[in-house]
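Here the structure is laid out as structure tokens; the discussion comes afterwards.
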Amino acid sequence: MRLRLVRVQSSYLVGVATTLVILFYLHCNVRDPRESGSEMVSEHRVHEKEFDGSTPELSKYIREAEAENSRRLQRIQQVCHRYNLGLYKHSAEPPKMKHPPTPQYSVFYIDREHKLTWCPIYKAASSTWMYNMCLLAGYTEEFMEGKHKQISELARDAFPELDRTEAEEAFHNTLKLLVVRHPFERLLSAYRDKLENTNIGFEQGTAHFYRKYGRRIVAKYRPGGNKTRTQALLKPGQYLWDPDLPEPAGIEPTFKEFVKYLIDVDVVFYSDDHWIPYYLYCTPCLLNYDIIAKVETMLRDQVYAIRAAGLQSIIRPRWRHKTYHEQGNDTSKRYFSQLTKEEVKMLYNKYKLDFELFDYKVDDYLQFATGE
């Protein structure tokens, strides 16, 4: 039985100081897309007065977000047309990329009451929007913080999978939201949270990921397998471990070994949601999304999406993420220095359509790589 909303916690920031802080974030939140963990560790919520658009400055940012969203949607149409995919198929020739024939209906969270459909790209603000979906379902913040269940379980309890007919009907009657992130940043975040350290992250399922993927990756790509410790393969500056937490056990795959696995496996056989390409998982060539948000412009896009859906009385912009990162440190440079340029190019080819659909570049990551 769904809980009814008791209250939504109000902002910590008030008055003129709040306005200045929020406008600063809105103006500067195009963060370096190479910075792993670019979502803020703490939460930032917008005060109701600023969020409801009462300031000319915020209204200006909303207009900018709307214009940018239109450009993003247009780009998706152009790229899908170029590859002869989905709704944009224009000839009898086969598609230029492997592509599913229909959307993967089971992955969506569909709130018919509030007319919002969200496709969760894991490691792309998924924690934030999972939390928002729970608020829409009527769970209180106090209840969710009580750790009764994982947030994802609560959200799925409230918004169960719909069959094809129900889902298609809902797609026509709801605002459809997709949040993306630089494909390489998403992969790096997935590796760091799920595969890098079996001594921490139990709530993130690191033990499960090691059993299912990590040990097999090490057995295949590491001379000597687990007889060679992970630490022996890494040079200083090629990783970032939280000094306040235990080091990896030494049996985990390196980022380079994880990338070799991704390169060798056909993308259609990627069996985990954390690294399946966006175009296969959320199928933007098969659906007319209304809003394409990006982690790199997280706060601005959240404000825009929440207002477009008319949900500002229930949810507020927030960032929820726990990946450890150094302030001002280019974490991506550390990990991609484990790769050769050829490996970066091969990894890019696996996610090429995602790069093109959402206008991301590979250039900096090629510079981070060492050797050919």
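Identifiers in the structure tokens: chain A, B, ... in order shown; residue index from 1 per chain; ligand index from 1 in order shown.
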
Determine, using only C-alpha atoms, which residues of stretch 215-309 of chain A have any atom at most 8 Å from an atom of stretch 101-106 of chain A, and tabulate each with its shortest atom pair and distance in Å to one decimal place, rows ordered by chain and then rising number, as JSON lines.
```
{"residue": "A:Tyr281", "atom": "CA", "partner": "A:Gln104", "partner_atom": "CA", "distance": 6.7}
{"residue": "A:Cys282", "atom": "CA", "partner": "A:Gln104", "partner_atom": "CA", "distance": 7.0}
{"residue": "A:Thr283", "atom": "CA", "partner": "A:Pro103", "partner_atom": "CA", "distance": 5.9}
{"residue": "A:Leu286", "atom": "CA", "partner": "A:Pro103", "partner_atom": "CA", "distance": 6.4}
{"residue": "A:Leu287", "atom": "CA", "partner": "A:Pro103", "partner_atom": "CA", "distance": 7.5}
```

Give me the residues near A:Lys260 as JSON, numbers by chain, where near means some atom within 12 Å (using only C-alpha atoms) and where sequence neighbours in that chain fewer than 6 positions away do not count. {"A": [217, 218, 220, 221, 222, 253, 254, 266, 338, 339, 340, 342, 343, 344, 345, 346, 347, 350]}

Selection to disk with N, CA and C atoms, as an mmCIF file, in the first residue's frame:
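Contents of part.cif, freshly written:
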```cif
data_model
loop_
_atom_site.group_PDB
_atom_site.id
_atom_site.type_symbol
_atom_site.label_atom_id
_atom_site.label_comp_id
_atom_site.auth_asym_id
_atom_site.auth_seq_id
_atom_site.Cartn_x
_atom_site.Cartn_y
_atom_site.Cartn_z
ATOM 1 N N ILE A 217 36.928 -11.345 -15.136
ATOM 2 C CA ILE A 217 37.775 -10.390 -15.853
ATOM 3 C C ILE A 217 39.234 -10.601 -15.476
ATOM 4 N N VAL A 218 39.505 -10.740 -14.182
ATOM 5 C CA VAL A 218 40.879 -10.950 -13.720
ATOM 6 C C VAL A 218 41.432 -12.265 -14.269
ATOM 7 N N LYS A 220 40.736 -13.788 -16.956
ATOM 8 C CA LYS A 220 40.959 -13.755 -18.402
ATOM 9 C C LYS A 220 42.075 -12.806 -18.810
ATOM 10 N N TYR A 221 42.181 -11.665 -18.155
ATOM 11 C CA TYR A 221 43.071 -10.613 -18.654
ATOM 12 C C TYR A 221 44.331 -10.394 -17.826
ATOM 13 N N ARG A 222 44.483 -11.074 -16.695
ATOM 14 C CA ARG A 222 45.656 -10.822 -15.853
ATOM 15 C C ARG A 222 46.578 -12.034 -15.855
ATOM 16 N N PRO A 253 39.591 -6.292 -10.561
ATOM 17 C CA PRO A 253 40.144 -5.889 -11.860
ATOM 18 C C PRO A 253 40.580 -4.430 -11.843
ATOM 19 N N THR A 254 41.600 -4.121 -12.603
ATOM 20 C CA THR A 254 41.968 -2.728 -12.824
ATOM 21 C C THR A 254 40.986 -2.117 -13.821
ATOM 22 N N ASP A 266 30.586 -8.129 -27.368
ATOM 23 C CA ASP A 266 29.651 -7.400 -28.226
ATOM 24 C C ASP A 266 28.665 -6.630 -27.345
ATOM 25 N N GLN A 338 45.805 4.583 -17.641
ATOM 26 C CA GLN A 338 46.080 3.140 -17.678
ATOM 27 C C GLN A 338 45.935 2.563 -19.082
ATOM 28 N N LEU A 339 45.295 3.323 -19.978
ATOM 29 C CA LEU A 339 44.958 2.812 -21.309
ATOM 30 C C LEU A 339 45.905 3.333 -22.372
ATOM 31 N N THR A 340 45.980 2.604 -23.472
ATOM 32 C CA THR A 340 46.652 3.110 -24.658
ATOM 33 C C THR A 340 45.640 3.895 -25.489
ATOM 34 N N GLU A 342 44.959 3.397 -28.528
ATOM 35 C CA GLU A 342 44.206 2.424 -29.316
ATOM 36 C C GLU A 342 43.056 1.844 -28.497
ATOM 37 N N GLU A 343 43.280 1.588 -27.225
ATOM 38 C CA GLU A 343 42.214 1.073 -26.367
ATOM 39 C C GLU A 343 41.108 2.101 -26.184
ATOM 40 N N VAL A 344 41.474 3.368 -26.061
ATOM 41 C CA VAL A 344 40.463 4.422 -25.946
ATOM 42 C C VAL A 344 39.626 4.488 -27.219
ATOM 43 N N LYS A 345 40.284 4.384 -28.376
ATOM 44 C CA LYS A 345 39.559 4.420 -29.646
ATOM 45 C C LYS A 345 38.602 3.234 -29.770
ATOM 46 N N MET A 346 39.062 2.061 -29.361
ATOM 47 C CA MET A 346 38.217 0.869 -29.445
ATOM 48 C C MET A 346 37.037 0.978 -28.486
ATOM 49 N N LEU A 347 37.267 1.530 -27.302
ATOM 50 C CA LEU A 347 36.163 1.735 -26.359
ATOM 51 C C LEU A 347 35.182 2.752 -26.911
ATOM 52 N N LYS A 350 32.671 1.330 -29.278
ATOM 53 C CA LYS A 350 31.575 0.607 -28.638
ATOM 54 C C LYS A 350 30.415 1.546 -28.299
#
```

Name the residues of stretch 200-255 of chain A that fall into helix (DSSP H, G or I) according to DSSP on the backbone, using the chain letters and numbers of this document, as a count of residues only. 27

So what do you get for atom CA of A:Lys96 versus atom CA of A:Ile276, distance-wise?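 Distance reported for this atom pair: 18.4 Å.
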
Could you work out how far atom CA of A:Ile291 lies from atom CA of A:Asn349, giving the answer in Å with one decimal?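 Interatomic distance here is 26.0 Å.
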
With only C-alpha atoms as the basis for distance, which of A:Tyr191, A:Tyr109, A:Phe358, A:Tyr261 is at the shortest distance from A:Ser152?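 Closest residue, counting only C-alpha atoms: A:Tyr109.
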
Write out as a ChimeraX atom specification each polymer residue whose atoms come within 12 Å of A:Arg307, counting only C-alpha atoms; drop sequence neighbours fewer than 4 positions from it. /A:48,51-53,58-59,62-63,65-66,116,175,291,300-303,311-317

Identify, on the basis of only C-alpha atoms, every residue whose closest approach to A:Lys235 does not exceed 12 Å; exclude the query and any residue fewer than 3 positions from it along the same chain; express the result as number ranges by chain. A: 230-232, 238-240, 254, 334-335, 337-338

For A:Tyr348, which residue among A:Phe108, A:Phe184, A:Phe269, A:Phe202 is the nearest when counting only C-alpha atoms? A:Phe184

For A:Asp273, please output as a ChimeraX atom specification all residues within 10 Å (counting only C-alpha atoms; exclusion window: fewer than 2 positions along the same chain). /A:107,120-123,190,270-271,275-278,281
